[in-house]
file data-v5.cif (mmCIF, C-alpha atoms and all ligand atoms)
data_query
#
loop_
_atom_site.label_atom_id
_atom_site.label_comp_id
_atom_site.auth_asym_id
_atom_site.auth_seq_id
_atom_site.Cartn_x
_atom_site.Cartn_y
_atom_site.Cartn_z
CA MET A 1 -15.39 50.72 -0.05
CA GLU A 2 -13.72 49.61 -3.28
CA ALA A 3 -10.55 47.56 -3.12
CA GLN A 4 -8.44 50.00 -5.10
CA GLN A 5 -9.57 52.85 -2.88
CA LEU A 6 -8.56 50.92 0.23
CA LEU A 7 -5.15 50.19 -1.31
CA ASN A 8 -4.63 53.83 -2.27
CA ASN A 9 -5.37 54.83 1.28
CA TYR A 10 -3.42 51.99 2.92
CA SER A 11 -0.78 54.10 4.64
CA ALA A 12 -3.52 55.79 6.69
CA PHE A 13 -4.16 52.60 8.68
CA LYS A 14 -1.10 50.41 8.15
CA VAL A 15 0.60 49.52 11.44
CA GLU A 16 3.89 50.66 9.97
CA GLU A 17 6.16 49.82 12.90
CA ILE A 18 5.36 46.10 12.71
CA LYS A 19 6.75 44.86 9.42
CA GLY A 20 8.91 42.29 7.65
CA ARG A 21 8.68 38.53 8.10
CA TYR A 22 10.23 38.20 11.55
CA LEU A 23 8.04 40.11 13.96
CA SER A 24 8.59 41.26 17.52
CA TYR A 25 6.04 39.61 19.79
CA GLU A 26 6.55 42.37 22.36
CA MET A 27 5.58 45.02 19.80
CA ILE A 28 2.44 43.10 18.85
CA VAL A 29 1.39 42.76 22.50
CA ASP A 30 2.16 46.46 23.09
CA TYR A 31 -0.07 47.36 20.16
CA LEU A 32 -2.92 45.27 21.59
CA LYS A 33 -2.51 46.78 25.05
CA ASN A 34 -2.85 50.28 23.60
CA LEU A 35 -6.12 49.66 21.77
CA PRO A 36 -9.22 51.62 22.89
CA ALA A 37 -11.29 50.21 25.73
CA TYR A 38 -13.95 48.63 23.49
CA PHE A 39 -11.34 45.99 22.60
CA ASN A 40 -11.30 43.46 25.39
CA LEU A 41 -7.79 42.05 25.78
CA LYS A 42 -7.44 38.79 27.65
CA ILE A 43 -4.67 36.31 28.44
CA GLU A 44 -6.11 32.98 27.31
CA GLY A 45 -3.23 30.86 28.54
CA THR A 46 0.45 30.24 27.99
CA SER A 47 2.70 28.52 25.48
CA VAL A 48 5.13 25.64 26.14
CA LEU A 49 7.80 28.24 27.01
CA SER A 50 5.35 30.18 29.23
CA GLU A 51 4.68 33.09 26.89
CA ASN A 52 1.25 34.65 27.38
CA ILE A 53 -1.17 34.00 24.53
CA TYR A 54 -3.71 36.81 24.06
CA SER A 55 -7.11 37.22 22.57
CA ILE A 56 -8.96 40.41 21.82
CA GLU A 57 -12.73 40.56 21.59
CA PHE A 58 -14.86 43.40 20.28
CA GLY A 59 -18.35 44.13 19.02
CA ASN A 60 -21.77 43.29 20.46
CA GLY A 61 -23.52 41.66 17.54
CA PRO A 62 -25.01 38.22 16.96
CA LYS A 63 -22.56 37.13 14.21
CA LYS A 64 -19.69 35.46 16.03
CA ILE A 65 -16.37 35.19 14.26
CA LEU A 66 -13.24 33.57 15.65
CA MET A 67 -9.84 34.21 14.02
CA TRP A 68 -6.37 33.03 14.94
CA SER A 69 -3.03 33.78 13.32
CA GLN A 70 0.44 32.25 13.47
CA MET A 71 -0.43 28.80 14.71
CA HIS A 72 2.59 28.22 12.48
CA GLY A 73 5.11 30.53 14.14
CA ASN A 74 6.95 31.60 10.97
CA GLU A 75 3.74 32.62 9.15
CA SER A 76 3.49 36.26 10.12
CA THR A 77 1.77 37.99 7.20
CA THR A 78 -1.76 37.48 8.44
CA THR A 79 -0.83 38.84 11.87
CA LYS A 80 0.25 42.07 10.15
CA ALA A 81 -2.99 42.17 8.17
CA VAL A 82 -5.08 41.68 11.32
CA LEU A 83 -3.23 44.57 12.99
CA ASP A 84 -4.04 46.74 9.97
CA LEU A 85 -7.68 45.66 10.24
CA LEU A 86 -7.78 46.68 13.92
CA GLU A 87 -6.14 50.00 13.04
CA TYR A 88 -8.67 50.50 10.27
CA ILE A 89 -11.48 50.02 12.76
CA VAL A 90 -9.86 52.36 15.30
CA THR A 91 -9.25 55.14 12.77
CA ASP A 92 -12.31 54.64 10.54
CA GLN A 93 -14.03 57.95 9.91
CA ASN A 94 -15.87 57.89 6.62
CA ASP A 95 -16.79 54.24 6.10
CA ASP A 96 -19.59 52.69 8.13
CA PHE A 97 -17.49 49.52 8.42
CA LYS A 98 -16.55 50.14 12.05
CA ASN A 99 -20.11 50.74 13.22
CA SER A 100 -21.42 47.74 11.29
CA VAL A 101 -18.73 45.48 12.72
CA LEU A 102 -19.44 46.60 16.27
CA GLU A 103 -23.21 46.41 15.84
CA PHE A 104 -23.58 43.14 13.94
CA CYS A 105 -20.52 41.09 14.93
CA THR A 106 -18.74 39.79 17.97
CA ILE A 107 -15.18 39.11 16.85
CA LYS A 108 -12.60 37.24 18.86
CA ILE A 109 -9.03 37.08 17.59
CA ILE A 110 -6.11 35.10 18.97
CA LEU A 111 -3.24 37.07 17.56
CA VAL A 112 -0.26 34.66 17.43
CA LEU A 113 -1.36 31.27 18.77
CA ASN A 114 2.26 30.03 18.71
CA PRO A 115 4.47 32.79 20.19
CA ASP A 116 7.36 30.36 20.79
CA GLY A 117 7.35 29.55 17.09
CA LEU A 118 7.21 33.25 16.27
CA LYS A 119 10.30 33.91 18.42
CA ASN A 120 12.27 30.96 17.00
CA TYR A 121 10.88 31.50 13.50
CA THR A 122 9.65 27.91 13.28
CA ARG A 123 6.48 26.39 11.89
CA VAL A 124 6.21 24.07 14.92
CA ASN A 125 5.82 24.92 18.60
CA ALA A 126 8.59 24.57 21.20
CA LYS A 127 7.92 20.82 21.49
CA GLU A 128 8.37 20.59 17.70
CA VAL A 129 4.71 19.74 17.16
CA ASP A 130 2.83 21.07 14.15
CA LEU A 131 -0.24 22.52 15.88
CA ASN A 132 -2.24 22.06 12.70
CA ARG A 133 -1.84 18.30 13.07
CA ASP A 134 -2.78 18.28 16.74
CA SER A 135 -6.41 19.26 16.56
CA SER A 136 -7.83 15.91 17.45
CA ASN A 137 -4.98 14.64 19.68
CA GLN A 138 -4.72 17.88 21.72
CA THR A 139 -1.24 17.11 23.06
CA GLN A 140 -0.01 20.74 23.20
CA PRO A 141 -1.06 23.66 25.44
CA GLU A 142 -1.57 25.90 22.38
CA SER A 143 -3.96 23.37 20.78
CA GLN A 144 -5.85 22.99 24.05
CA LEU A 145 -6.13 26.76 24.35
CA LEU A 146 -7.57 27.15 20.85
CA ARG A 147 -10.08 24.36 21.54
CA LYS A 148 -11.10 25.94 24.85
CA VAL A 149 -11.67 29.31 23.17
CA PHE A 150 -13.65 27.63 20.38
CA ASP A 151 -15.84 25.72 22.84
CA GLU A 152 -16.53 28.78 25.01
CA PHE A 153 -17.03 31.27 22.20
CA GLN A 154 -19.01 28.96 19.84
CA PRO A 155 -18.31 30.90 16.65
CA GLU A 156 -20.53 30.73 13.61
CA TYR A 157 -17.49 31.56 11.43
CA ALA A 158 -13.82 30.70 11.87
CA PHE A 159 -10.86 32.28 10.01
CA ASN A 160 -7.73 30.11 10.10
CA LEU A 161 -4.85 32.39 9.10
CA HIS A 162 -1.62 31.15 7.49
CA ASP A 163 1.25 31.83 5.08
CA GLN A 164 2.19 29.57 2.18
CA ARG A 165 5.54 29.08 0.44
CA THR A 166 6.63 30.89 -2.73
CA ILE A 167 6.30 27.69 -4.80
CA PHE A 168 2.58 28.00 -5.43
CA SER A 169 0.95 29.21 -8.63
CA ALA A 170 -2.76 29.91 -8.93
CA GLY A 171 -3.55 27.14 -11.37
CA LYS A 172 -1.26 26.04 -14.21
CA GLN A 173 -0.22 29.53 -15.20
CA ASN A 174 2.55 32.04 -14.66
CA LYS A 175 0.80 33.72 -11.74
CA PRO A 176 1.86 33.34 -8.11
CA ALA A 177 -0.88 32.41 -5.64
CA THR A 178 -0.70 35.69 -3.71
CA VAL A 179 -3.73 34.64 -1.70
CA SER A 180 -5.17 31.14 -1.43
CA PHE A 181 -8.31 29.91 0.28
CA LEU A 182 -9.89 26.68 1.34
CA ALA A 183 -13.27 25.74 2.76
CA PRO A 184 -11.99 22.60 4.49
CA ALA A 185 -13.92 19.37 4.21
CA TYR A 186 -15.82 18.24 7.30
CA ASN A 187 -15.89 14.57 6.37
CA GLU A 188 -14.02 11.95 4.37
CA ALA A 189 -16.53 12.19 1.51
CA ARG A 190 -15.91 15.96 1.22
CA GLU A 191 -19.60 16.67 1.15
CA VAL A 192 -21.02 20.17 1.12
CA ASN A 193 -23.39 20.77 4.03
CA LYS A 194 -24.91 24.09 5.12
CA VAL A 195 -21.88 24.96 7.25
CA ARG A 196 -19.29 24.34 4.55
CA LYS A 197 -21.45 25.94 1.89
CA LYS A 198 -21.32 29.27 3.73
CA ALA A 199 -17.52 29.12 3.88
CA MET A 200 -17.39 28.42 0.12
CA GLN A 201 -19.74 31.31 -0.66
CA ILE A 202 -17.70 33.76 1.41
CA ILE A 203 -14.55 32.60 -0.42
CA ILE A 204 -16.23 33.17 -3.80
CA ALA A 205 -17.17 36.69 -2.71
CA MET A 206 -13.68 37.52 -1.36
CA ASN A 207 -12.16 36.17 -4.58
CA ASN A 208 -14.39 38.45 -6.66
CA TYR A 209 -13.12 41.51 -4.79
CA LEU A 210 -9.48 40.37 -5.04
CA GLN A 211 -9.75 39.80 -8.79
CA THR A 212 -10.23 43.56 -9.23
CA VAL A 213 -6.72 44.22 -7.87
CA ILE A 214 -4.71 40.98 -8.34
CA PRO A 215 -6.35 39.27 -11.33
CA GLY A 216 -5.41 35.60 -11.65
CA GLN A 217 -3.47 35.57 -8.38
CA VAL A 218 -5.93 33.79 -6.12
CA GLY A 219 -5.73 30.03 -5.64
CA ARG A 220 -7.65 27.31 -3.88
CA TYR A 221 -6.27 24.42 -1.84
CA ASP A 222 -7.38 20.86 -2.36
CA ASP A 223 -9.86 19.64 0.19
CA SER A 224 -8.62 16.21 1.25
CA PHE A 225 -9.97 15.61 4.73
CA ASN A 226 -7.82 15.36 7.85
CA ILE A 227 -9.57 15.62 11.22
CA ASN A 228 -6.19 16.46 12.82
CA CYS A 229 -6.18 19.73 10.88
CA VAL A 230 -7.90 22.37 12.93
CA GLY A 231 -9.94 23.77 10.01
CA ASP A 232 -11.42 20.38 9.18
CA TYR A 233 -12.16 19.79 12.85
CA PHE A 234 -13.95 23.14 13.34
CA GLN A 235 -15.90 22.72 10.09
CA ASN A 236 -16.95 19.32 11.41
CA ARG A 237 -18.01 20.96 14.67
CA GLY A 238 -20.34 23.36 12.87
CA ALA A 239 -18.38 26.60 12.42
CA SER A 240 -18.11 27.78 8.81
CA THR A 241 -14.34 27.70 8.56
CA ILE A 242 -12.10 29.39 6.01
CA LEU A 243 -8.39 28.82 5.55
CA PHE A 244 -6.54 31.97 4.43
CA GLU A 245 -3.04 31.56 2.98
CA ALA A 246 -0.81 34.58 2.37
CA GLY A 247 1.48 33.91 -0.58
CA HIS A 248 4.01 35.54 -2.85
CA PHE A 249 3.70 38.80 -4.79
CA ALA A 250 6.40 40.02 -7.23
CA ASN A 251 9.66 40.50 -5.28
CA ASP A 252 7.93 41.02 -1.99
CA TYR A 253 9.81 38.55 0.22
CA ASP A 254 8.94 40.66 3.26
CA ARG A 255 5.26 40.21 2.31
CA GLU A 256 4.46 43.86 2.85
CA GLU A 257 2.37 43.85 -0.35
CA THR A 258 0.67 40.56 0.42
CA ARG A 259 -0.39 41.85 3.84
CA LYS A 260 -2.61 44.34 1.98
CA TYR A 261 -4.39 41.59 0.05
CA ILE A 262 -4.95 39.62 3.24
CA PHE A 263 -6.34 42.79 4.81
CA LEU A 264 -8.72 43.14 1.85
CA SER A 265 -9.76 39.49 2.25
CA LEU A 266 -10.52 40.00 5.94
CA TYR A 267 -12.31 43.29 5.31
CA TYR A 268 -14.55 41.87 2.58
CA GLY A 269 -15.03 38.61 4.46
CA LEU A 270 -16.52 40.67 7.30
CA VAL A 271 -18.53 42.90 4.95
CA GLU A 272 -20.09 39.79 3.38
CA ILE A 273 -20.88 38.30 6.78
CA ILE A 274 -22.44 41.57 7.97
CA THR A 275 -24.61 42.00 4.87
CA SER A 276 -25.21 38.25 4.21
CA ASP A 277 -24.66 39.10 0.53
CA TYR A 278 -22.50 35.99 0.15
CA LYS A 279 -25.68 33.89 0.31
CA ASN A 280 -26.36 34.91 -3.30
CA GLN A 281 -23.17 33.19 -4.51
CA ASN A 282 -23.51 29.99 -6.48
CA ILE A 283 -21.17 27.34 -5.08
CA SER A 284 -20.37 26.04 -8.56
CA ASP A 285 -18.15 29.17 -8.77
CA TYR A 286 -16.00 27.79 -5.96
CA ASP A 287 -14.50 25.16 -8.25
CA LYS A 288 -13.73 27.84 -10.84
CA ILE A 289 -11.08 29.31 -8.55
CA PRO A 290 -7.90 27.62 -9.83
CA GLU A 291 -6.26 25.04 -7.58
CA ASN A 292 -2.83 25.76 -6.15
CA GLU A 293 -0.06 24.11 -8.15
CA LYS A 294 3.61 23.84 -7.19
CA LEU A 295 4.98 25.43 -10.34
CA PHE A 296 7.21 28.23 -9.03
CA TYR A 297 10.84 28.45 -8.05
CA ASP A 298 12.37 31.58 -6.58
CA ILE A 299 15.02 31.68 -9.31
CA ILE A 300 15.54 29.81 -12.58
CA ILE A 301 18.79 30.37 -14.45
CA LYS A 302 18.12 29.46 -18.07
CA ASN A 303 20.65 28.30 -20.64
CA ALA A 304 23.65 27.85 -18.36
CA GLU A 305 26.57 25.64 -19.30
CA VAL A 306 26.84 22.99 -16.60
CA ASN A 307 29.53 20.35 -17.15
CA GLY A 308 29.63 21.11 -20.86
CA VAL A 309 25.87 20.84 -21.38
CA ILE A 310 23.35 23.72 -21.65
CA LYS A 311 20.75 23.38 -18.91
CA ASP A 312 18.39 25.26 -16.59
CA VAL A 313 19.14 25.61 -12.91
CA ALA A 314 16.40 25.96 -10.28
CA ILE A 315 16.99 27.68 -6.96
CA GLN A 316 14.80 28.11 -3.90
CA TYR A 317 15.41 30.31 -0.86
CA GLU A 318 15.51 28.80 2.57
CA GLU A 319 14.61 31.17 5.38
CA ASN A 320 17.03 31.20 8.24
CA LEU A 321 17.04 33.15 11.50
CA ARG A 322 20.52 34.12 12.68
CA SER A 323 21.16 36.50 15.57
CA ASN A 324 17.62 37.83 15.44
CA ARG A 325 17.73 38.61 11.73
CA LEU A 326 16.10 36.71 8.94
CA HIS A 327 18.16 35.62 5.96
CA TRP A 328 17.09 33.96 2.73
CA ILE A 329 19.72 31.37 1.80
CA PRO A 330 19.64 30.28 -1.86
CA LYS A 331 19.68 26.51 -2.26
CA LEU A 332 20.10 24.51 -5.46
CA GLN A 333 16.97 22.49 -6.29
CA GLY A 334 17.96 20.88 -9.56
CA VAL A 335 19.74 21.08 -12.90
CA GLY A 336 17.89 20.05 -16.05
CA ASP A 337 14.86 21.11 -17.99
CA PHE A 338 12.50 23.46 -16.16
CA GLU A 339 10.47 24.45 -19.20
CA GLU A 340 7.21 23.60 -17.40
CA PHE A 341 8.00 25.81 -14.42
CA PHE A 342 7.92 29.50 -13.62
CA ALA A 343 10.23 31.64 -11.51
CA HIS A 344 9.87 34.83 -9.49
CA ASN A 345 13.22 35.79 -10.99
CA THR A 346 14.55 34.43 -14.28
CA VAL A 347 18.15 34.91 -15.40
CA ASN A 348 19.22 34.13 -18.96
CA ALA A 349 22.80 32.81 -18.76
CA LYS A 350 23.21 32.91 -22.57
CA ASN A 351 25.28 29.71 -22.60
CA LYS A 352 27.87 31.03 -20.16
CA ILE A 353 29.64 28.64 -17.80
CA LEU A 354 27.94 28.44 -14.41
CA ARG A 355 29.93 27.97 -11.22
CA ILE A 356 28.44 27.60 -7.78
CA ASN A 357 30.72 28.28 -4.82
CA GLY A 358 33.61 28.41 -7.29
CA VAL A 359 33.14 24.99 -8.88
CA LYS A 360 31.59 23.78 -12.16
CA ASN A 361 30.58 20.45 -10.70
CA PHE A 362 28.11 20.91 -7.86
CA GLU A 363 25.83 18.67 -5.86
CA ASN A 364 22.09 19.12 -5.65
CA GLU A 365 20.80 20.91 -2.51
CA THR A 366 24.02 22.93 -2.27
CA TYR A 367 23.68 26.16 -0.31
CA ILE A 368 24.82 28.90 -2.64
CA GLU A 369 27.34 31.31 -1.19
CA GLU A 370 28.63 32.48 -4.53
CA ILE A 371 27.41 32.11 -8.09
CA SER A 372 29.12 33.14 -11.34
CA LEU A 373 28.67 33.08 -15.12
CA ASN A 374 31.97 32.98 -17.07
CA ASN A 375 33.69 33.92 -13.80
CA GLU A 376 31.55 37.02 -13.37
CA ILE A 377 30.05 36.86 -9.91
CA PHE A 378 26.46 38.04 -9.45
CA SER A 379 24.37 38.24 -6.35
CA ILE A 380 21.19 36.34 -5.56
CA LYS A 381 21.33 36.80 -1.82
CA LEU A 382 18.49 38.52 -0.05
CA THR A 383 18.68 40.52 3.13
CA ASN A 384 15.86 41.18 5.50
CA SER A 385 14.43 44.53 6.38
ZN ZN B 401 0.45 27.36 8.07
#
call {"tool": "encode", "arguments": {"input": "data-v5.cif", "output": "structure tokens", "more": "lines below"}}
Ligand SMILES: [Zn+2]
result
Amino acid sequence: MEAQQLLNNYSAFKVEEIKGRYLSYEMIVDYLKNLPAYFNLKIEGTSVLSENIYSIEFGNGPKKILMWSQMHGNESTTTKAVLDLLEYIVTDQNDDFKNSVLEFCTIKIILVLNPDGLKNYTRVNAKEVDLNRDSSNQTQPESQLLRKVFDEFQPEYAFNLHDQRTIFSAGKQNKPATVSFLAPAYNEAREVNKVRKKAMQIIIAMNNYLQTVIPGQVGRYDDSFNINCVGDYFQNRGASTILFEAGHFANDYDREETRKYIFLSLYYGLVEIITSDYKNQNISDYDKIPENEKLFYDIIIKNAEVNGVIKDVAIQYEENLRSNRLHWIPKLQGVGDFEEFFAHNTVNAKNKILRINGVKNFENETYIEEISLNNEIFSIKLTNS
């Protein structure tokens, strides 16, 4: 089905009750427990803080695909997109997607590899280890669990599902990287073997579909090799591995729009695997996807008078969980010339005097409680849904 058609029809299969950036693990597990019987739900093990970690497996086909989301606990967008994908399969009536998936694929998904990180809204696990730097050392129960599942399941394809920060542009242009991909390197020389080539070809195909709905908003990560990163490790072990990164879209800090583009990526990734159409892609097109650049701030205030001089002021939100609610705290990143940068929100101060927290003279990295131009206070705070 065409991308725009899927977007138009999104509400029919969106798992509406699970939304925002800070998700309820209990609601996710409840959703999984209520899936039809052809989804095999299994407890694969437990986290540092003894939370159950679940996988679901479905389909009876020869193409084996392993996915895992939220190995970084505060990266929830892909979890939402996977839920929508499951719901799409459950409710699918008029697309032969469901039947093809069940006939040609066996899919295993670890939904939320790092439930402790989800609950605390942290990237790291409860022992403060970044699980994506623990692939070779295997010091954490969550890393060991993922490895065990990989070894038992022996996937041909692996989808490594993440979120990226709002700072990324797709290339050197005023376009946020709403979705970014990487076919990780499997060795220091970053060679392209048969395994990695397949991952690159699937990325090219997914990018082509995404360009029809978010032109210019797909980026590519650089491929420096690190065997401690799980994607590099799995690519090295022979599974065609793709890194998916959910990024920023317009003012969508809850990433309810981005979840749709991750859904489309997953949907078309599977379609391409089922049909093998991706094999027609020329890998020289992989390098044509623009590389991610760090060219965005959340807010740039242009032409503000700071200490008697007209300057630009760059601000970035810091996400903060307080009493079970997520807040975005604006933090000053710099005062100067930000001509080369872009912002998700730009304010023209028209030479008015800027005060932060009531003072004209402020330190870098100040958390912004209050901001004013010529004593007129305006709000840049964000609240969660
Ligand atoms: Zn991540």
call {"tool": "residues_around", "arguments": {"input": "data-v5.cif", "residues": "range 249-261 of chain A", "least_positions_apart": "3", "cutoff": "9 Å", "atoms": "only C-alpha atoms", "output": "ChimeraX atom specification"}}
result
/A:7,10,14,19-22,76-82,84,166,176-179,210,213-214,217,246,264-266,328,344-345,382,384-385
call {"tool": "atom_distance", "arguments": {"input": "data-v5.cif", "atom1": "CA of Phe39 in chain A", "atom2": "CA of Tyr54 in chain A"}}
result
12.0 Å
call {"tool": "residues_around", "arguments": {"input": "data-v5.cif", "residues": "Glu376 in chain A", "least_positions_apart": "2", "cutoff": "12 Å", "atoms": "all atoms listed in the file", "output": "PyMOL selection string"}}
result
chain A and resi 349+352-356+358+370-374+378-379
call {"tool": "residues_near_ligand", "arguments": {"input": "data-v5.cif", "ligand": "ligand ZN 401 (chain B)", "cutoff": "10 Å", "atoms": "all atoms listed in the file", "output": "ChimeraX atom specification"}}
result
/A:69-76,123-124,130-132,160-165,243-246
call {"tool": "residues_around", "arguments": {"input": "data-v5.cif", "residues": "Lys294 in chain A", "least_positions_apart": "2", "cutoff": "6 Å", "atoms": "all atoms listed in the file", "output": "count of residues only"}}
result
3
call {"tool": "residues_around", "arguments": {"input": "data-v5.cif", "residues": "Asn187 in chain A", "least_positions_apart": "6", "cutoff": "9 Å", "atoms": "all atoms listed in the file", "output": "compact mmCIF listing (two decimals) with C-alpha atoms, keeping the file's coordinate frame"}}
result
# COMPACT_ATOMS: atom_id res chain seq x y z
CA PHE A 225 -9.97 15.61 4.73
CA ASN A 226 -7.82 15.36 7.85
CA ILE A 227 -9.57 15.62 11.22
CA ASP A 232 -11.42 20.38 9.18
CA GLN A 235 -15.90 22.72 10.09
CA ASN A 236 -16.95 19.32 11.41
call {"tool": "axis_aligned_box", "arguments": {"input": "data-v5.cif", "around": "range 52-57 of chain A", "padding_each_side": "5 Å", "output": "AutoDock Vina command-line options"}}
result
--center_x -5.7 --center_y 37.3 --center_z 24.5 --size_x 24.0 --size_y 16.6 --size_z 15.8
call {"tool": "closest_residue", "arguments": {"input": "data-v5.cif", "among": "A:Gln211, A:Thr346, A:Asn60, A:Gln281", "to": "Ile299 in chain A", "atoms": "all atoms listed in the file"}}
result
A:Thr346
call {"tool": "closest_residue", "arguments": {"input": "data-v5.cif", "among": "A:Val359, A:Met200, A:Leu113, A:Leu182", "to": "Ser55 in chain A", "atoms": "only C-alpha atoms"}}
result
A:Leu113
call {"tool": "closest_residue", "arguments": {"input": "data-v5.cif", "among": "A:Ala314, A:Met206, A:Ile65, A:Val29", "to": "Ile262 in chain A", "atoms": "all atoms listed in the file"}}
result
A:Met206
call {"tool": "atom_distance", "arguments": {"input": "data-v5.cif", "atom1": "CA of Phe58 in chain A", "atom2": "CA of Asn40 in chain A"}}
result
6.2 Å
call {"tool": "atom_distance", "arguments": {"input": "data-v5.cif", "atom1": "CA of Ser169 in chain A", "atom2": "CA of Glu293 in chain A"}}
result
5.2 Å
call {"tool": "residues_around", "arguments": {"input": "data-v5.cif", "residues": "Met67 in chain A", "least_positions_apart": "6", "cutoff": "12 Å", "atoms": "only C-alpha atoms", "output": "ChimeraX atom specification"}}
result
/A:55-57,78-79,82,106-113,146,149-150,153,155-162,231,234,239-244,266,269-270
call {"tool": "closest_residue", "arguments": {"input": "data-v5.cif", "among": "A:Val347, A:Cys229, A:Val218, A:Ala126", "to": "Leu49 in chain A", "atoms": "all atoms listed in the file"}}
result
A:Ala126
call {"tool": "closest_residue", "arguments": {"input": "data-v5.cif", "among": "A:Arg237, A:Lys360, A:Lys302, A:Lys311", "to": "Ser136 in chain A", "atoms": "all atoms listed in the file"}}
result
A:Arg237
call {"tool": "closest_residue", "arguments": {"input": "data-v5.cif", "among": "A:Ala343, A:Ala189, A:Leu6, A:Ala199", "to": "Leu85 in chain A", "atoms": "only C-alpha atoms"}}
result
A:Leu6
call {"tool": "residues_near_point", "arguments": {"input": "data-v5.cif", "point": "(20.3, 23.7, -11.6)", "cutoff": "12 Å", "atoms": "only C-alpha atoms", "output": "number ranges by chain"}}
result
A: 297, 299-307, 309-316, 330-338, 349, 354-356, 360-366, 368, 371
call {"tool": "decode", "arguments": {"input": "data-v5.cif", "residues": "range 247-281 of chain A", "atoms": "C-alpha atoms", "output": "mmCIF file, in the first residue's frame"}}
result
data_model
loop_
_atom_site.group_PDB
_atom_site.id
_atom_site.type_symbol
_atom_site.label_atom_id
_atom_site.label_comp_id
_atom_site.auth_asym_id
_atom_site.auth_seq_id
_atom_site.Cartn_x
_atom_site.Cartn_y
_atom_site.Cartn_z
ATOM 1 C CA GLY A 247 14.098 11.854 15.100
ATOM 2 C CA HIS A 248 12.371 15.205 15.176
ATOM 3 C CA PHE A 249 9.424 16.401 13.087
ATOM 4 C CA ALA A 250 8.095 19.995 13.250
ATOM 5 C CA ASN A 251 6.935 20.691 16.828
ATOM 6 C CA ASP A 252 6.316 17.073 17.616
ATOM 7 C CA TYR A 253 8.227 16.710 20.894
ATOM 8 C CA ASP A 254 5.944 13.818 21.854
ATOM 9 C CA ARG A 255 7.031 12.099 18.616
ATOM 10 C CA GLU A 256 3.506 11.101 17.714
ATOM 11 C CA GLU A 257 4.169 12.117 14.093
ATOM 12 C CA THR A 258 7.573 10.463 13.953
ATOM 13 C CA ARG A 259 6.082 7.178 15.166
ATOM 14 C CA LYS A 260 4.172 7.054 11.870
ATOM 15 C CA TYR A 261 7.344 7.369 9.803
ATOM 16 C CA ILE A 262 9.015 4.643 11.838
ATOM 17 C CA PHE A 263 5.925 2.493 11.270
ATOM 18 C CA LEU A 264 6.258 3.121 7.520
ATOM 19 C CA SER A 265 9.954 2.193 7.680
ATOM 20 C CA LEU A 266 9.162 -1.086 9.448
ATOM 21 C CA TYR A 267 6.259 -1.850 7.118
ATOM 22 C CA TYR A 268 8.292 -1.264 3.952
ATOM 23 C CA GLY A 269 11.359 -2.944 5.424
ATOM 24 C CA LEU A 270 9.242 -6.094 5.813
ATOM 25 C CA VAL A 271 7.605 -5.700 2.393
ATOM 26 C CA GLU A 272 11.056 -5.505 0.791
ATOM 27 C CA ILE A 273 12.271 -8.555 2.711
ATOM 28 C CA ILE A 274 9.158 -10.534 1.744
ATOM 29 C CA THR A 275 9.391 -9.654 -1.957
ATOM 30 C CA SER A 276 13.234 -9.496 -2.142
ATOM 31 C CA ASP A 277 12.722 -6.399 -4.303
ATOM 32 C CA TYR A 278 15.501 -4.631 -2.399
ATOM 33 C CA LYS A 279 18.018 -6.821 -4.240
ATOM 34 C CA ASN A 280 17.514 -4.587 -7.288
ATOM 35 C CA GLN A 281 18.861 -1.541 -5.433
#
